[in-house]
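K.L.:
Handing over final-v5.txt, compact mmCIF, C-alpha atoms.
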# COMPACT_ATOMS: atom_id res chain seq x y z
CA MET K 1 -4.62 5.06 -9.62
CA LEU K 2 -8.06 4.45 -8.19
CA LYS K 3 -10.53 6.63 -6.32
CA ASN K 4 -13.35 5.74 -3.92
CA PHE K 5 -11.16 3.78 -1.51
CA TRP K 6 -9.58 4.28 1.90
CA TYR K 7 -5.87 4.96 1.53
CA ALA K 8 -3.46 4.41 4.41
CA CYS K 9 -1.12 7.35 4.05
CA GLU K 10 1.06 7.39 7.18
CA PHE K 11 1.83 5.58 10.41
CA GLY K 12 -0.27 7.07 13.20
CA VAL K 13 2.74 7.72 15.46
CA ALA K 14 4.23 9.97 12.77
CA VAL K 15 1.31 12.43 12.91
CA THR K 16 1.55 15.05 15.69
CA ASN K 17 0.34 18.59 16.38
CA LYS K 18 2.93 19.82 13.89
CA PRO K 19 1.61 19.96 10.30
CA LYS K 20 3.08 17.20 8.15
CA GLN K 21 3.05 16.97 4.37
CA ILE K 22 2.56 13.68 2.57
CA VAL K 23 2.50 13.19 -1.18
CA MET K 24 0.16 10.58 -2.60
CA LEU K 25 -1.90 10.16 -5.78
CA ASN K 26 0.20 12.89 -7.43
CA GLN K 27 -1.11 15.36 -4.83
CA ARG K 28 -0.02 16.99 -1.58
CA PHE K 29 -1.91 16.52 1.68
CA VAL K 30 -1.31 18.03 5.11
CA LEU K 31 -1.92 16.00 8.28
CA TYR K 32 -2.04 17.12 11.91
CA ARG K 33 -3.63 16.25 15.24
CA ASN K 34 -6.00 18.64 16.97
CA SER K 35 -6.12 19.25 20.72
CA GLN K 36 -8.31 16.12 21.16
CA GLY K 37 -5.73 13.96 19.38
CA GLN K 38 -7.89 13.51 16.29
CA VAL K 39 -6.19 13.52 12.90
CA VAL K 40 -7.17 16.16 10.35
CA VAL K 41 -6.33 15.79 6.65
CA LEU K 42 -6.56 18.71 4.23
CA LYS K 43 -5.31 19.50 0.77
CA ASP K 44 -1.85 20.98 1.22
CA GLN K 45 -2.50 23.99 -0.97
CA CYS K 46 -3.91 27.31 0.18
CA SER K 47 -6.81 28.45 -1.98
CA HIS K 48 -5.38 31.97 -2.03
CA ARG K 49 -1.92 31.65 -3.64
CA GLY K 50 -1.21 27.94 -3.45
CA ALA K 51 1.29 27.93 -0.58
CA ALA K 52 1.86 24.67 1.27
CA LEU K 53 -0.15 24.76 4.51
CA SER K 54 2.21 22.15 5.94
CA MET K 55 4.71 25.01 6.31
CA GLY K 56 2.23 26.88 8.50
CA TRP K 57 1.22 26.48 12.14
CA LEU K 58 -1.73 25.40 14.28
CA GLU K 59 -3.90 27.82 16.19
CA ASP K 60 -7.12 26.91 18.02
CA ASP K 61 -7.24 23.57 16.19
CA CYS K 62 -7.07 25.45 12.89
CA ILE K 63 -4.13 25.78 10.50
CA ARG K 64 -2.60 29.06 9.40
CA CYS K 65 -1.19 29.53 5.91
CA PRO K 66 2.52 30.50 6.08
CA TYR K 67 2.15 33.03 3.26
CA HIS K 68 -0.67 35.43 4.23
CA GLY K 69 -1.93 33.85 7.44
CA TRP K 70 -5.29 32.68 6.20
CA LYS K 71 -6.88 30.50 8.89
CA PHE K 72 -8.61 27.24 7.94
CA GLN K 73 -10.81 24.99 10.07
CA ALA K 74 -10.62 21.19 10.07
CA ASP K 75 -13.46 21.10 7.52
CA GLY K 76 -11.36 23.23 5.15
CA GLN K 77 -13.39 26.42 5.54
CA CYS K 78 -11.44 29.67 5.80
CA ILE K 79 -12.58 31.65 8.84
CA GLU K 80 -10.10 34.52 8.95
CA ILE K 81 -8.08 36.62 6.49
CA PRO K 82 -5.72 38.95 8.39
CA SER K 83 -5.46 41.47 5.52
CA ASN K 84 -9.23 41.96 5.34
CA GLY K 85 -10.86 44.96 6.93
CA ILE K 86 -13.36 44.54 9.78
CA GLY K 87 -16.62 43.08 8.52
CA MET K 88 -15.25 42.15 5.10
CA PRO K 89 -16.68 38.76 4.06
CA ILE K 90 -14.64 35.66 3.34
CA PRO K 91 -14.71 34.77 -0.38
CA LYS K 92 -17.06 31.89 -1.11
CA LYS K 93 -14.20 29.97 -2.71
CA GLY K 94 -12.00 30.58 0.34
CA TYR K 95 -11.89 26.95 1.37
CA ILE K 96 -9.72 23.89 0.78
CA ASN K 97 -10.62 20.24 0.45
CA SER K 98 -10.84 18.16 3.61
CA TYR K 99 -10.97 14.36 3.74
CA PRO K 100 -12.66 11.72 5.89
CA VAL K 101 -10.17 10.09 8.25
CA GLN K 102 -9.87 6.86 10.25
CA GLU K 103 -7.09 5.48 12.41
CA LYS K 104 -6.80 1.73 12.28
CA TYR K 105 -4.04 -0.87 12.55
CA GLY K 106 -1.47 1.79 13.37
CA PHE K 107 -2.16 3.72 10.15
CA VAL K 108 -3.95 6.96 9.31
CA TRP K 109 -6.42 6.32 6.50
CA LEU K 110 -8.03 8.98 4.32
CA PHE K 111 -10.92 8.39 1.96
CA TYR K 112 -10.31 9.72 -1.51
CA GLY K 113 -13.34 9.76 -3.74
CA ASP K 114 -16.93 10.92 -4.05
CA LEU K 115 -18.97 8.04 -2.64
CA PRO K 116 -21.36 8.70 0.26
CA GLU K 117 -20.27 7.21 3.57
CA GLU K 118 -22.66 4.24 3.46
CA GLU K 119 -21.34 3.14 0.03
CA ARG K 120 -17.62 3.30 0.74
CA PRO K 121 -15.61 0.07 0.62
CA PRO K 122 -14.34 -0.93 4.09
CA ILE K 123 -10.79 -0.95 5.34
CA PRO K 124 -9.77 -4.63 5.01
CA PRO K 125 -9.41 -6.70 8.22
CA LEU K 126 -6.09 -7.25 9.98
CA PRO K 127 -6.93 -9.45 13.00
CA GLU K 128 -3.25 -10.08 13.75
CA TYR K 129 -2.95 -6.48 14.91
CA GLU K 130 -4.98 -7.40 18.01
CA ASP K 131 -3.26 -10.78 18.53
CA SER K 132 -0.87 -10.55 21.47
CA THR K 133 1.06 -13.62 20.27
CA MET K 134 2.10 -11.80 17.08
CA HIS K 135 5.04 -9.45 17.58
CA PRO K 136 5.11 -6.48 15.14
CA ILE K 137 7.85 -4.40 13.58
CA TYR K 138 7.26 -1.32 11.44
CA LEU K 139 9.29 -0.24 8.47
CA GLU K 140 9.09 1.40 5.08
CA TYR K 141 11.11 1.88 1.94
CA GLU K 142 10.80 3.68 -1.36
CA MET K 143 10.98 2.41 -4.91
CA LYS K 144 11.32 4.47 -8.07
CA ALA K 145 8.64 2.35 -9.65
CA ASN K 146 4.92 2.54 -10.37
CA TYR K 147 2.80 1.14 -7.56
CA THR K 148 1.16 -1.42 -9.86
CA ARG K 149 4.53 -3.06 -10.50
CA VAL K 150 5.33 -3.01 -6.78
CA ILE K 151 2.02 -4.72 -5.97
CA GLU K 152 2.58 -7.38 -8.62
CA ASN K 153 6.04 -8.04 -7.25
CA ALA K 154 4.51 -8.74 -3.83
CA LEU K 155 1.91 -11.07 -5.35
CA ASP K 156 4.29 -12.98 -7.64
CA PRO K 157 5.24 -16.47 -6.35
CA ALA K 158 7.68 -17.32 -9.16
CA HIS K 159 10.38 -14.68 -8.66
CA LEU K 160 11.53 -15.83 -5.23
CA TYR K 161 14.31 -18.20 -6.25
CA ALA K 162 15.84 -15.74 -8.73
CA VAL K 163 15.40 -12.29 -7.18
CA HIS K 164 15.98 -13.46 -3.60
CA ALA K 165 18.71 -15.99 -4.31
CA ASN K 166 20.98 -14.34 -1.74
CA SER K 167 18.38 -14.31 1.03
CA PHE K 168 15.41 -16.57 1.76
CA GLY K 169 14.97 -17.42 -1.92
CA ALA K 170 17.94 -19.76 -1.87
CA GLY K 171 15.61 -22.36 -0.38
CA PHE K 172 13.73 -22.55 -3.69
CA ALA K 173 16.83 -23.05 -5.87
CA GLN K 174 16.59 -26.85 -6.04
CA ASP K 175 12.91 -26.79 -7.00
CA PRO K 176 11.66 -23.40 -8.25
CA ARG K 177 8.46 -24.81 -9.74
CA VAL K 178 5.19 -23.22 -8.64
CA GLU K 179 2.42 -25.78 -8.36
CA ASP K 180 -1.01 -24.90 -9.68
CA TYR K 181 -3.10 -22.92 -7.22
CA MET K 182 -6.63 -21.58 -6.97
CA ILE K 183 -7.66 -17.93 -6.78
CA GLN K 184 -10.15 -17.14 -4.02
CA ASP K 185 -12.39 -14.08 -4.01
CA GLU K 186 -12.14 -11.93 -0.90
CA ASN K 187 -14.20 -8.91 0.11
CA TRP K 188 -12.78 -6.25 -2.20
CA GLY K 189 -9.83 -8.46 -3.02
CA ILE K 190 -8.37 -11.84 -3.94
CA SER K 191 -6.11 -14.46 -2.35
CA ALA K 192 -4.31 -17.71 -3.09
CA LYS K 193 -2.80 -20.49 -0.98
CA ILE K 194 0.47 -21.86 -2.31
CA THR K 195 2.47 -24.79 -0.89
CA TYR K 196 6.20 -25.18 -1.47
CA LYS K 197 6.85 -28.84 -0.69
CA ASN K 198 10.62 -28.94 -1.05
CA TYR K 199 11.78 -25.75 0.57
CA THR K 200 15.44 -26.12 1.50
CA LYS K 201 16.80 -24.81 4.79
CA PRO K 202 18.52 -21.43 4.18
CA LYS K 203 22.31 -21.52 4.51
CA ASN K 204 22.50 -18.03 5.95
CA GLY K 205 20.30 -15.19 7.14
CA VAL K 206 18.05 -14.72 10.14
CA PHE K 207 15.78 -17.68 9.25
CA LYS K 208 18.38 -20.44 9.13
CA SER K 209 17.95 -21.14 12.86
CA PHE K 210 14.24 -21.82 12.55
CA PHE K 211 14.40 -24.78 10.17
CA ARG K 212 15.27 -28.16 11.68
CA PRO K 213 15.08 -30.52 8.68
CA ALA K 214 17.12 -29.92 5.55
CA ARG K 215 13.85 -29.80 3.61
CA THR K 216 10.49 -28.64 4.84
CA GLN K 217 7.05 -27.66 3.60
CA LEU K 218 6.38 -23.95 3.39
CA ASN K 219 2.73 -22.91 3.35
CA ALA K 220 1.91 -19.43 2.16
CA LYS K 221 -1.23 -17.41 1.66
CA THR K 222 -0.98 -14.25 -0.42
CA SER K 223 -3.82 -11.73 -0.42
CA PHE K 224 -4.53 -8.46 -2.19
CA TYR K 225 -7.06 -5.87 -1.06
CA LEU K 226 -8.11 -2.86 -3.09
CA PRO K 227 -6.71 -0.42 -3.77
CA ASN K 228 -3.05 -1.08 -2.78
CA ILE K 229 -2.68 -3.58 0.07
CA THR K 230 -0.85 -6.92 0.09
CA LYS K 231 -0.69 -9.49 2.86
CA ILE K 232 1.62 -12.49 2.81
CA GLU K 233 1.22 -15.17 5.48
CA SER K 234 4.05 -17.72 5.72
CA ASP K 235 3.99 -20.83 7.92
CA PHE K 236 7.13 -22.95 8.01
CA GLY K 237 6.32 -25.29 10.88
CA ARG K 238 8.20 -23.70 13.75
CA GLY K 239 6.82 -20.24 13.22
CA LYS K 240 4.44 -17.98 11.36
CA MET K 241 5.18 -14.63 9.75
CA ILE K 242 2.83 -12.09 8.22
CA ASN K 243 3.92 -9.23 6.00
CA TYR K 244 1.22 -6.57 5.70
CA ALA K 245 2.07 -3.79 3.26
CA ILE K 246 0.49 -0.55 2.06
CA HIS K 247 1.97 0.42 -1.30
CA ILE K 248 1.43 4.17 -1.50
CA PRO K 249 1.34 5.62 -5.03
CA VAL K 250 3.28 8.85 -4.54
CA ASP K 251 3.35 9.63 -8.25
CA ASP K 252 3.59 7.72 -11.52
CA ASN K 253 7.14 6.57 -10.84
CA THR K 254 7.45 6.52 -7.05
CA THR K 255 6.00 4.12 -4.48
CA ILE K 256 6.48 4.07 -0.73
CA SER K 257 5.70 0.74 0.92
CA LYS K 258 4.75 1.09 4.58
CA ARG K 259 4.82 -2.29 6.28
CA ILE K 260 3.98 -4.13 9.45
CA GLN K 261 5.67 -7.50 9.83
CA PHE K 262 4.25 -9.86 12.46
CA ARG K 263 5.96 -12.97 13.83
CA ASN K 264 5.13 -15.46 16.57
CA PHE K 265 8.69 -16.76 17.03
CA PHE K 266 11.84 -15.18 18.41
CA THR K 267 9.65 -12.36 19.69
CA TYR K 268 12.31 -10.63 21.78
CA SER K 269 12.36 -6.89 21.14
CA TRP K 270 16.15 -6.90 20.94
CA ALA K 271 15.83 -9.21 17.90
CA ASP K 272 13.74 -6.69 15.97
CA SER K 273 16.80 -5.07 14.42
CA LEU K 274 17.77 -8.41 12.88
CA PHE K 275 14.39 -8.73 11.17
CA VAL K 276 14.36 -5.09 10.08
CA LYS K 277 17.81 -5.50 8.53
CA PHE K 278 16.75 -8.69 6.78
CA HIS K 279 13.52 -7.13 5.54
CA HIS K 280 15.42 -4.21 4.03
CA LYS K 281 17.80 -6.64 2.33
CA VAL K 282 14.86 -8.44 0.74
CA GLY K 283 13.29 -5.11 -0.24
CA LEU K 284 16.49 -3.99 -1.94
CA GLU K 285 16.52 -7.20 -3.97
CA ASP K 286 12.97 -6.47 -5.13
CA ARG K 287 13.72 -2.83 -5.81
CA VAL K 288 16.57 -3.51 -8.23
CA VAL K 289 14.34 -5.61 -10.48
CA THR K 290 11.10 -3.65 -10.09
CA GLU K 291 12.72 -0.33 -10.95
CA SER K 292 14.03 -1.89 -14.18
CA GLN K 293 10.61 -2.89 -15.54
CA TYR K 294 9.18 -1.26 -18.64
CA PRO K 295 6.62 0.06 -19.15
CA LYS K 296 6.60 1.57 -15.69
CA SER K 297 2.95 0.77 -15.07
CA ILE K 298 1.39 -2.58 -15.84
CA PRO K 299 -0.10 -2.52 -19.35
CA ASP K 300 -3.73 -1.57 -19.85
CA THR K 301 -4.38 -4.72 -21.88
CA LEU K 302 -3.57 -8.28 -20.84
CA LEU K 303 -2.15 -9.29 -24.22
CA THR K 304 0.74 -6.81 -24.06
CA GLU K 305 2.89 -9.20 -22.00
CA VAL K 306 3.33 -12.99 -21.99
CA HIS K 307 1.80 -15.08 -19.17
CA VAL K 308 2.32 -18.54 -17.67
CA PRO K 309 0.31 -20.55 -15.07
CA ALA K 310 2.33 -19.18 -12.12
CA ASP K 311 1.03 -15.70 -13.03
CA ALA K 312 -2.57 -16.54 -12.08
CA LEU K 313 -2.56 -14.28 -9.01
CA THR K 314 -1.06 -11.26 -10.76
CA LEU K 315 -3.48 -11.75 -13.65
CA ALA K 316 -6.36 -11.80 -11.17
CA TYR K 317 -5.04 -8.51 -9.75
CA ARG K 318 -4.93 -6.96 -13.21
CA LYS K 319 -8.47 -8.11 -13.95
CA LEU K 320 -9.78 -6.75 -10.63
CA ARG K 321 -8.09 -3.40 -11.18
CA GLN K 322 -9.47 -3.12 -14.69
CA LYS K 323 -12.95 -3.82 -13.36
CA TYR K 324 -12.92 -0.65 -11.28
CA LEU K 325 -11.18 1.40 -13.94
CA SER K 326 -13.98 0.46 -16.34
CA MET K 327 -16.51 1.62 -13.71
CA GLY K 328 -15.00 5.10 -13.87
CA TRP K 329 -13.07 4.82 -10.61
CA GLY K 330 -9.77 5.73 -12.20
CA LEU K 331 -8.09 9.03 -11.35
CA LYS K 332 -7.59 10.98 -14.55
CA LEU K 333 -4.47 12.73 -13.32
CA ASN K 334 -2.16 11.33 -15.97
CA GLN K 335 -2.07 8.89 -18.82
CA SER K 336 -1.03 5.90 -16.72
CA GLU K 337 -4.59 5.08 -15.66
CA SER K 338 -6.57 5.57 -18.87
CA ASN K 339 -10.17 4.45 -18.79
CA ASN K 340 -10.04 3.92 -22.54
CA SER K 341 -8.37 0.53 -22.28
CA ASN K 342 -9.76 -2.33 -24.31
CA ARG K 343 -12.43 -3.80 -22.05
CA GLU K 344 -12.89 -6.79 -24.28
CA GLN K 345 -9.33 -7.89 -23.52
CA THR K 346 -10.01 -7.89 -19.78
CA ARG K 347 -12.75 -10.45 -20.27
CA LEU K 348 -10.38 -12.99 -21.78
CA SER K 349 -10.07 -16.17 -19.75
CA TYR K 350 -6.84 -17.11 -18.03
CA ALA K 351 -6.68 -20.23 -20.19
CA SER K 352 -6.43 -18.18 -23.37
CA LEU K 353 -3.65 -16.03 -21.92
CA ILE K 354 -1.39 -18.76 -20.61
CA LYS K 355 0.28 -19.80 -23.84
Output the structure of this file as structure tokens.
P.N.:
Amino acid sequence: MLKNFWYACEFGVAVTNKPKQIVMLNQRFVLYRNSQGQVVVLKDQCSHRGAALSMGWLEDDCIRCPYHGWKFQADGQCIEIPSNGIGMPIPKKGYINSYPVQEKYGFVWLFYGDLPEEERPPIPPLPEYEDSTMHPIYLEYEMKANYTRVIENALDPAHLYAVHANSFGAGFAQDPRVEDYMIQDENWGISAKITYKNYTKPKNGVFKSFFRPARTQLNAKTSFYLPNITKIESDFGRGKMINYAIHIPVDDNTTISKRIQFRNFFTYSWADSLFVKFHHKVGLEDRVVTESQYPKSIPDTLLTEVHVPADALTLAYRKLRQKYLSMGWGLKLNQSESNNSNREQTRLSYASLIK
């Protein structure tokens, strides 16, 4: 897991004036909206006896601990202890951590790290969110898998015909080859454009109605943005679809993917349920395989597993992640993100790995 990045932690509509707990980065956070509608994010652990503040209540834009009623401001400072006598000072350590917050693209983002504001990496762009021709749906699902494996699954172009054989992947069955592609550097990320020249019209599923010829060209662009964001843009002639996903690392073995899917075809609201159902079907197909992978997290060294040319994008992800781990941006909460990995191995060229 990485620090010093903005983490989308929840859909904005899910945060109200009732304290809400979310678990991310092996930690608990409490979210709520104040009387001005602004989101506040605090550590969900009272500094007194460790009770979850998310079980408490709001009062004057502050949050009360459910155990002894300690009252905390939005900046995490304790301003009242009911059991104290009049004039008794608040202990200097009577505060809890608070976090910088932004709302953007329908998500609440918190900054986790120690960089000053002017040095923080930006939230990556999502121009489709403001595009009225792109119709969105919102969904999420959980995997009992490490977030690094979930991210690689989203970036991997070669698994489609096998894992998704009973959904959209059937179109790749006749020609599952992945042609060579180039990796492009993005701001705080990477991307690749991949063309599938012989994509076969699906025999079933929600997409079968949108392919006229038996075979068509499917153009896709897959992007990754640090620390945990994937974006897949698919253009199949009669329509365009974008899957934007935040893969939240709950703990070492649990990931929640919160997603916005955009489409510029069949944009009727009554059709949303069809796309949600299909998206969950595809997600279940991914989940079965991803939860089976071992080790749970991607290896710290690139030579631990075998690689082929189609893996260029996932290898680029591993290299980018290792770059920031080697800079000391890893969270030392567990052994899954050790900064003691062999840095020399990360400098190996792709050519030497694809054997």
K.L.:
Could you produce a table of the residues of segment 304-327 of chain K lying within 10 Å of segment 220-224 of chain K, with the nearest pair of atoms per residue and their separation in Å rounded to one decimal, using all atoms listed in the file, ordered by chain and increasing residue number, as a tab-separated table?
P.N.:
residue	atom	partner	partner_atom	distance
K:Leu313	CA	K:Thr222	CA	8.7
K:Thr314	CA	K:Phe224	CA	9.7
K:Ala316	CA	K:Phe224	CA	9.8
K:Tyr317	CA	K:Phe224	CA	7.6
K.L.:
I'd like the interatomic distance between atom CA of Trp57 of chain K and atom CA of Asn17 of chain K, to a tenth of an Å.
P.N.:
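Atom-to-atom, atom CA of Trp57 of chain K to atom CA of Asn17 of chain K, that is 9.0 Å.
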K.L.:
Which one of K:Gly37, K:Trp188, K:Ile96, K:Phe168 sits closest to Pro122 of chain K if you count all atoms listed in the file?
P.N.:
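When distances to Pro122 of chain K are compared using all atoms listed in the file, the smallest one comes from K:Trp188.
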K.L.:
I'd like to know which of K:Ile22, K:Leu226, K:Ala52, K:Ile260 is closest to Pro121 of chain K, using all atoms listed in the file.
P.N.:
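Of K:Ile22, K:Leu226, K:Ala52, K:Ile260, the one nearest Pro121 of chain K, counting all atoms listed in the file, is K:Leu226.
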K.L.:
Could you tell me which of K:Lys231, K:Lys277, K:Arg238, K:His135 comes closest to Phe262 of chain K if we count all atoms listed in the file?
P.N.:
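That would be K:His135, the residue with the smallest distance to Phe262 of chain K.
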K.L.:
Atom CA of Lys144 of chain K and atom CA of Thr254 of chain K are how many Å apart?
P.N.:
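About the pair atom CA of Lys144 of chain K and atom CA of Thr254 of chain K: they are 4.5 Å apart.
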K.L.:
Would you mind reading off the distance between atom CA of Ser269 of chain K and atom CA of Ala165 of chain K, one decimal, in Å?
P.N.:
27.8 Å
K.L.:
Tell me which of K:Arg33, K:Tyr181, K:Leu284, K:Val40 sits closest to Lys193 of chain K, counting all atoms listed in the file.
P.N.:
K:Tyr181
K.L.:
Env of Lys93 of chain K: 10 Å cut, atoms = only C-alpha atoms, seq-sep filter 5 positions within chain, self excluded. Answer as a CSV table (one decimal) with C-alpha atoms, in the frame of the given file.
P.N.:
chain,number,residue,atom,x,y,z
K,47,SER,CA,-6.8,28.4,-2.0
K,48,HIS,CA,-5.4,32.0,-2.0
K,77,GLN,CA,-13.4,26.4,5.5
K,78,CYS,CA,-11.4,29.7,5.8
K.L.:
With a distance cut-off of 7 Å and all atoms listed in the file, select the neighbouring residues of Lys197 of chain K, excluding the residue or stretch itself and same-chain residues fewer than 5 positions from it, and output the selection as a list in words.
P.N.:
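Listed by chain and then number, they are Thr216, Gln217 and Leu218 of chain K.
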K.L.:
Quick one: everything within 12 Å of Glu130 of chain K, counting only C-alpha atoms, minus sequence neighbours fewer than 5 positions away in the same chain. Send it as a ChimeraX atom specification.
P.N.:
/K:104-106,125,135-136,262
K.L.:
Using only C-alpha atoms, which protein or nucleic acid residues come within 7 Å of Tyr7 of chain K? Drop anything in the same chain fewer than 3 positions from it, and give the result as a short mmCIF file (atom, residue, chain, number, x, y, z; two decimals) with C-alpha atoms, in the frame of the given file.
P.N.:
data_model
loop_
_atom_site.label_atom_id
_atom_site.label_comp_id
_atom_site.auth_asym_id
_atom_site.auth_seq_id
_atom_site.Cartn_x
_atom_site.Cartn_y
_atom_site.Cartn_z
CA TRP K 109 -6.42 6.32 6.50
CA LEU K 110 -8.03 8.98 4.32
CA PHE K 111 -10.92 8.39 1.96
#
K.L.:
Find the residues around segment 98-101 of chain K up to 12 Å (all atoms listed in the file counted), leave out those fewer than 2 positions away in its own chain, and share them as a ChimeraX atom specification.
P.N.:
/K:4-10,12,29-33,38-46,72-78,95-96,103-104,107-117,120,123
K.L.:
Deliver the residues from the most recent selection as a file, using C-alpha atoms, as a compact mmCIF listing (two decimals), in the coordinates of the input.
P.N.:
# COMPACT_ATOMS: atom_id res chain seq x y z
CA ASN K 4 -13.35 5.74 -3.92
CA PHE K 5 -11.16 3.78 -1.51
CA TRP K 6 -9.58 4.28 1.90
CA TYR K 7 -5.87 4.96 1.53
CA ALA K 8 -3.46 4.41 4.41
CA CYS K 9 -1.12 7.35 4.05
CA GLU K 10 1.06 7.39 7.18
CA GLY K 12 -0.27 7.07 13.20
CA PHE K 29 -1.91 16.52 1.68
CA VAL K 30 -1.31 18.03 5.11
CA LEU K 31 -1.92 16.00 8.28
CA TYR K 32 -2.04 17.12 11.91
CA ARG K 33 -3.63 16.25 15.24
CA GLN K 38 -7.89 13.51 16.29
CA VAL K 39 -6.19 13.52 12.90
CA VAL K 40 -7.17 16.16 10.35
CA VAL K 41 -6.33 15.79 6.65
CA LEU K 42 -6.56 18.71 4.23
CA LYS K 43 -5.31 19.50 0.77
CA ASP K 44 -1.85 20.98 1.22
CA GLN K 45 -2.50 23.99 -0.97
CA CYS K 46 -3.91 27.31 0.18
CA PHE K 72 -8.61 27.24 7.94
CA GLN K 73 -10.81 24.99 10.07
CA ALA K 74 -10.62 21.19 10.07
CA ASP K 75 -13.46 21.10 7.52
CA GLY K 76 -11.36 23.23 5.15
CA GLN K 77 -13.39 26.42 5.54
CA CYS K 78 -11.44 29.67 5.80
CA TYR K 95 -11.89 26.95 1.37
CA ILE K 96 -9.72 23.89 0.78
CA GLU K 103 -7.09 5.48 12.41
CA LYS K 104 -6.80 1.73 12.28
CA PHE K 107 -2.16 3.72 10.15
CA VAL K 108 -3.95 6.96 9.31
CA TRP K 109 -6.42 6.32 6.50
CA LEU K 110 -8.03 8.98 4.32
CA PHE K 111 -10.92 8.39 1.96
CA TYR K 112 -10.31 9.72 -1.51
CA GLY K 113 -13.34 9.76 -3.74
CA ASP K 114 -16.93 10.92 -4.05
CA LEU K 115 -18.97 8.04 -2.64
CA PRO K 116 -21.36 8.70 0.26
CA GLU K 117 -20.27 7.21 3.57
CA ARG K 120 -17.62 3.30 0.74
CA ILE K 123 -10.79 -0.95 5.34
K.L.:
Between K:Phe265, K:Phe11, K:Tyr129, K:Tyr196, which is the closest to Ala158 of chain K once you count all atoms listed in the file?
P.N.:
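The shortest atom-to-atom distance to Ala158 of chain K comes from K:Tyr196.
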K.L.:
With only C-alpha atoms as the basis for distance, which of K:Asn253, K:Ser191, K:Asn243, K:Gln102 is at the shortest distance from Ser297 of chain K?
P.N.:
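Nearest to Ser297 of chain K: K:Asn253.
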K.L.:
Will you give me segment 93-106 of chain K, written with N, CA and C atoms and laid out as a PDB file, in the first residue's frame?
P.N.:
ATOM      1  N   LYS K  93      -2.617  15.457  24.338  1.00  0.00           N
ATOM      2  CA  LYS K  93      -2.773  14.364  23.376  1.00  0.00           C
ATOM      3  C   LYS K  93      -4.240  14.036  23.119  1.00  0.00           C
ATOM      4  N   GLY K  94      -5.134  14.900  23.561  1.00  0.00           N
ATOM      5  CA  GLY K  94      -6.563  14.654  23.390  1.00  0.00           C
ATOM      6  C   GLY K  94      -7.050  15.062  22.010  1.00  0.00           C
ATOM      7  N   TYR K  95      -6.450  14.537  21.004  1.00  0.00           N
ATOM      8  CA  TYR K  95      -6.876  14.838  19.633  1.00  0.00           C
ATOM      9  C   TYR K  95      -6.836  13.557  18.814  1.00  0.00           C
ATOM     10  N   ILE K  96      -7.435  13.593  17.633  1.00  0.00           N
ATOM     11  CA  ILE K  96      -7.372  12.476  16.702  1.00  0.00           C
ATOM     12  C   ILE K  96      -6.962  13.012  15.337  1.00  0.00           C
ATOM     13  N   ASN K  97      -6.462  12.151  14.509  1.00  0.00           N
ATOM     14  CA  ASN K  97      -6.009  12.574  13.183  1.00  0.00           C
ATOM     15  C   ASN K  97      -7.184  12.988  12.303  1.00  0.00           C
ATOM     16  N   SER K  98      -6.988  14.090  11.595  1.00  0.00           N
ATOM     17  CA  SER K  98      -7.953  14.511  10.577  1.00  0.00           C
ATOM     18  C   SER K  98      -7.233  14.502   9.229  1.00  0.00           C
ATOM     19  N   TYR K  99      -8.002  14.480   8.133  1.00  0.00           N
ATOM     20  CA  TYR K  99      -7.409  14.292   6.818  1.00  0.00           C
ATOM     21  C   TYR K  99      -7.954  15.307   5.816  1.00  0.00           C
ATOM     22  N   PRO K 100      -7.079  15.790   4.914  1.00  0.00           N
ATOM     23  CA  PRO K 100      -7.562  16.667   3.845  1.00  0.00           C
ATOM     24  C   PRO K 100      -8.587  15.938   2.978  1.00  0.00           C
ATOM     25  N   VAL K 101      -9.591  16.676   2.532  1.00  0.00           N
ATOM     26  CA  VAL K 101     -10.698  16.064   1.785  1.00  0.00           C
ATOM     27  C   VAL K 101     -10.994  16.862   0.517  1.00  0.00           C
ATOM     28  N   GLN K 102     -11.360  16.149  -0.544  1.00  0.00           N
ATOM     29  CA  GLN K 102     -11.916  16.750  -1.752  1.00  0.00           C
ATOM     30  C   GLN K 102     -13.103  15.906  -2.190  1.00  0.00           C
ATOM     31  N   GLU K 103     -14.060  16.555  -2.851  1.00  0.00           N
ATOM     32  CA  GLU K 103     -15.130  15.828  -3.533  1.00  0.00           C
ATOM     33  C   GLU K 103     -14.986  16.081  -5.017  1.00  0.00           C
ATOM     34  N   LYS K 104     -14.872  14.990  -5.769  1.00  0.00           N
ATOM     35  CA  LYS K 104     -14.664  15.121  -7.203  1.00  0.00           C
ATOM     36  C   LYS K 104     -15.128  13.853  -7.898  1.00  0.00           C
ATOM     37  N   TYR K 105     -15.782  14.021  -9.041  1.00  0.00           N
ATOM     38  CA  TYR K 105     -16.247  12.892  -9.849  1.00  0.00           C
ATOM     39  C   TYR K 105     -17.189  11.965  -9.076  1.00  0.00           C
ATOM     40  N   GLY K 106     -17.945  12.531  -8.152  1.00  0.00           N
ATOM     41  CA  GLY K 106     -18.896  11.712  -7.408  1.00  0.00           C
ATOM     42  C   GLY K 106     -18.292  10.937  -6.262  1.00  0.00           C
TER      43      GLY K 106
END
